[in-house]
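J.: Just dropping this structure here.
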Amino acid sequence: MYSALVRIHFFVTFAVSMQTMITILGPTASGKTSLAAALAARLTLDGSPAEIIGADSRQVYRRMDIGTGKDLSDYQVGDISIPYHLVDICEPGTKYNLFQYQQDFMDAYEDIRRRGVRPILCGGTGLYIEAVLKGYHLSPVPQNPELRAQLEGMSLEKLTVMLEELKARSGSHMHNKTDVDSAQRAIRAIEIEVYNLKHPMPQRELPAVSSLIIGVDIGRDERRQKITARLKQRLEEGMVDEIRGLLEDGIPAEDLIYYGLEYKFVTEYVIGKCSYEEMFRQLEIAIHQFAKRQMTWFRGMERRGFSIHWVDAALPMEEKVEIIMNVKDE
């Protein structure tokens, strides 16, 4: 247990700005959600209640639970239920985007702070995290039916080249290559770039959010082992049945494929485009590549001026929480 002297030190460290947000980021399978919940429980016990705001581009969808790894049981720490936000907020088949996330984040963030509670931002979608911390100036981009009709049927390779040319003109860059992991995503990305070239970007300005940033650092080999083990576990827990159920409920296969990773490869298996063995092998590779891209994004955040305090994922949970509690706000 913690000594009285250590607890006093923690209180002094955190008393300076009791509502400063804490951000916990890390690649898939690093244990960031369970760490955020453990930290929130600790802060609550110490008299500074905390709530978690999700930063995951797919966990916003209802009924997409196993494939997105929601692990909602993580939010129950002993007798303490940690409130969470921006999880299960829209229907599968819809297209949630960065602009919507930024607005929803700010609504949740301001509500939490109004109630005198500390917000903890937690997730692995680096673009979402950076957008709210830096205060990206975004505008909603409507669909362009004429453009979509022109692009329909084009190969992913041609769409990718077109998107790269548009981004070169606008001075933007590819985000984790998720812009082009399917033709549907590439068309939407082209649609956005075309719109932004014709319209000045800032429509509604949101402020940057000050935050203490904690990164969960997991070794490459351990990360790969956990990803493979977790994939097997999710398949055993019924991930195929979950996706089959969404298809049976009328969610178009192309909409599920749009979400990428588990929903892309398992959907292709369910509709008969590949065997179970092919699905598993391709999905495993894709998740490993995705985790690597996540870490590339987070290291890029450091180069772009963010200070990330890294915590070893292999440490016991209590020790990780201890380290975070000792990090002073900058």
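The chains in the structure tokens are called A, B, ... from first to last as shown; in each chain the residues are counted from 1, and the ligands are counted from 1 in the order shown.
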List as JSON lines every residue of stretch 73-168 of chain A that is in contact with stretch 302-308 of chain A, defined as an atom at most 10 Å from one of its atoms (using only C-alpha atoms), together with the nearest atom pair and the distance in Å rounded to one decimal, sorted by chain and then rising number.
T.:
```
{"residue": "A:Glu130", "atom": "CA", "partner": "A:Phe306", "partner_atom": "CA", "distance": 9.1}
{"residue": "A:Leu133", "atom": "CA", "partner": "A:Phe306", "partner_atom": "CA", "distance": 9.3}
{"residue": "A:Lys134", "atom": "CA", "partner": "A:Phe306", "partner_atom": "CA", "distance": 9.4}
```
J.: How would the residues just chosen look if you wrote them out with all heavy atoms as a PDB file, in the first residue's frame?
T.:
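Writing the result to out.pdb gives the following:
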```
ATOM      1  N   GLU A 130      -4.624  14.009 -31.718  1.00  0.00           N
ATOM      2  CA  GLU A 130      -3.891  15.219 -32.076  1.00  0.00           C
ATOM      3  C   GLU A 130      -4.835  16.352 -32.458  1.00  0.00           C
ATOM      4  O   GLU A 130      -4.575  17.522 -32.152  1.00  0.00           O
ATOM      5  CB  GLU A 130      -2.924  14.924 -33.231  1.00  0.00           C
ATOM      6  CG  GLU A 130      -1.987  16.070 -33.527  1.00  0.00           C
ATOM      7  CD  GLU A 130      -0.794  15.667 -34.374  1.00  0.00           C
ATOM      8  OE1 GLU A 130      -0.544  14.451 -34.547  1.00  0.00           O
ATOM      9  OE2 GLU A 130      -0.102  16.581 -34.862  1.00  0.00           O
ATOM     10  N   LEU A 133      -6.113  17.892 -29.176  1.00  0.00           N
ATOM     11  CA  LEU A 133      -5.061  18.520 -28.382  1.00  0.00           C
ATOM     12  C   LEU A 133      -4.537  19.791 -29.050  1.00  0.00           C
ATOM     13  O   LEU A 133      -4.206  20.769 -28.390  1.00  0.00           O
ATOM     14  CB  LEU A 133      -3.903  17.543 -28.148  1.00  0.00           C
ATOM     15  CG  LEU A 133      -4.204  16.294 -27.315  1.00  0.00           C
ATOM     16  CD1 LEU A 133      -2.927  15.483 -27.094  1.00  0.00           C
ATOM     17  CD2 LEU A 133      -4.822  16.662 -25.972  1.00  0.00           C
ATOM     18  N   LYS A 134      -4.468  19.749 -30.372  1.00  0.00           N
ATOM     19  CA  LYS A 134      -3.929  20.900 -31.103  1.00  0.00           C
ATOM     20  C   LYS A 134      -5.022  21.893 -31.491  1.00  0.00           C
ATOM     21  O   LYS A 134      -4.739  23.042 -31.802  1.00  0.00           O
ATOM     22  CB  LYS A 134      -3.189  20.418 -32.347  1.00  0.00           C
ATOM     23  CG  LYS A 134      -2.374  21.486 -33.064  1.00  0.00           C
ATOM     24  CD  LYS A 134      -1.506  20.882 -34.158  1.00  0.00           C
ATOM     25  CE  LYS A 134      -0.299  20.154 -33.580  1.00  0.00           C
ATOM     26  NZ  LYS A 134       0.634  19.697 -34.636  1.00  0.00           N
TER      27      LYS A 134
END
```
J.: So which residues of stretch 24-245 of chain A fall under helix (DSSP H, G or I) by DSSP, listed as a PyMOL selection string?
T.: chain A and resi 32-45+72-75+98-114+126-134+145-151+156-170+178-180+183-198+220-236+239-245
J.: With a distance cut-off of 12 Å and only C-alpha atoms, select the neighbouring residues of A:Tyr109, excluding the residue or stretch itself and same-chain residues fewer than 4 positions from it, and output the selection as a count of residues only.
T.: 33
J.: Please list as JSON, numbers by chain every residue within 12 Å of stretch 244-252 of chain A, counting only C-alpha atoms and excluding residues in the same chain fewer than 2 positions away.
T.: {"A": [61, 62, 63, 64, 65, 67, 91, 92, 93, 94, 238, 239, 240, 241, 242, 254, 255, 256, 257, 258, 259, 263, 264, 266, 267, 268, 269, 270, 271, 272]}
J.: Which residue, A:Ala189, A:Ile227, A:Phe298, A:Thr44, has the smallest gap to A:Leu151 when you use only C-alpha atoms?
T.: A:Ala189
J.: Can you list, as a list of chain:residue names, every residue of stretch 128-239 of chain A that DSSP puts in strand (DSSP E)?
T.: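 Matching residues for strand (DSSP E) in stretch 128-239 of chain A are A:Ser211, A:Leu212, A:Ile213, A:Ile214, A:Gly215, A:Val216, A:Asp217.
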J.: What separation in Å, quoted to one decimal, exists between atom CA of A:Gly69 and atom CA of A:Arg234?
T.: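 Computed distance, atom CA of A:Gly69 to atom CA of A:Arg234, equals 8.2 Å.
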J.: Nearest to A:Leu163: which of A:Arg188, A:Lys273, A:His288, A:Arg148 is it, counting only C-alpha atoms?
T.: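 Among the listed residues, A:Arg188 lies closest to A:Leu163.
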J.: Skipping near chain neighbours, those fewer than 5 positions away, what residues fall within 12 Å of A:Glu146 using only C-alpha atoms, listed as a PyMOL selection string?
T.: chain A and resi 151-152+187+191
J.: Name all residues at most 8 Å from A:Val321 (count only C-alpha atoms; drop same-chain ones fewer than 4 positions away) and give them as an MDAnalysis selection string.
T.: chainID A and resid 35 38:39 42 317 325
J.: Name all residues at most 12 Å from A:Ala286 (count only C-alpha atoms; drop same-chain ones fewer than 5 positions away) and give them as a VMD selection string.
T.: chain A and resid 28 177 to 178 181 224 227 to 228 231 260 to 265 279 to 281 291 to 293
J.: One decimal, Å: what's the distance from atom CA of A:Gln59 over to atom CA of A:Ile89, could you say?
T.: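 These two atoms are separated by 8.6 Å.
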J.: How many Å lie between atom CA of A:Leu45 and atom CA of A:Ile112, rounded to one decimal?
T.: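 Atom CA of A:Ile112 lies 17.6 Å from atom CA of A:Leu45.
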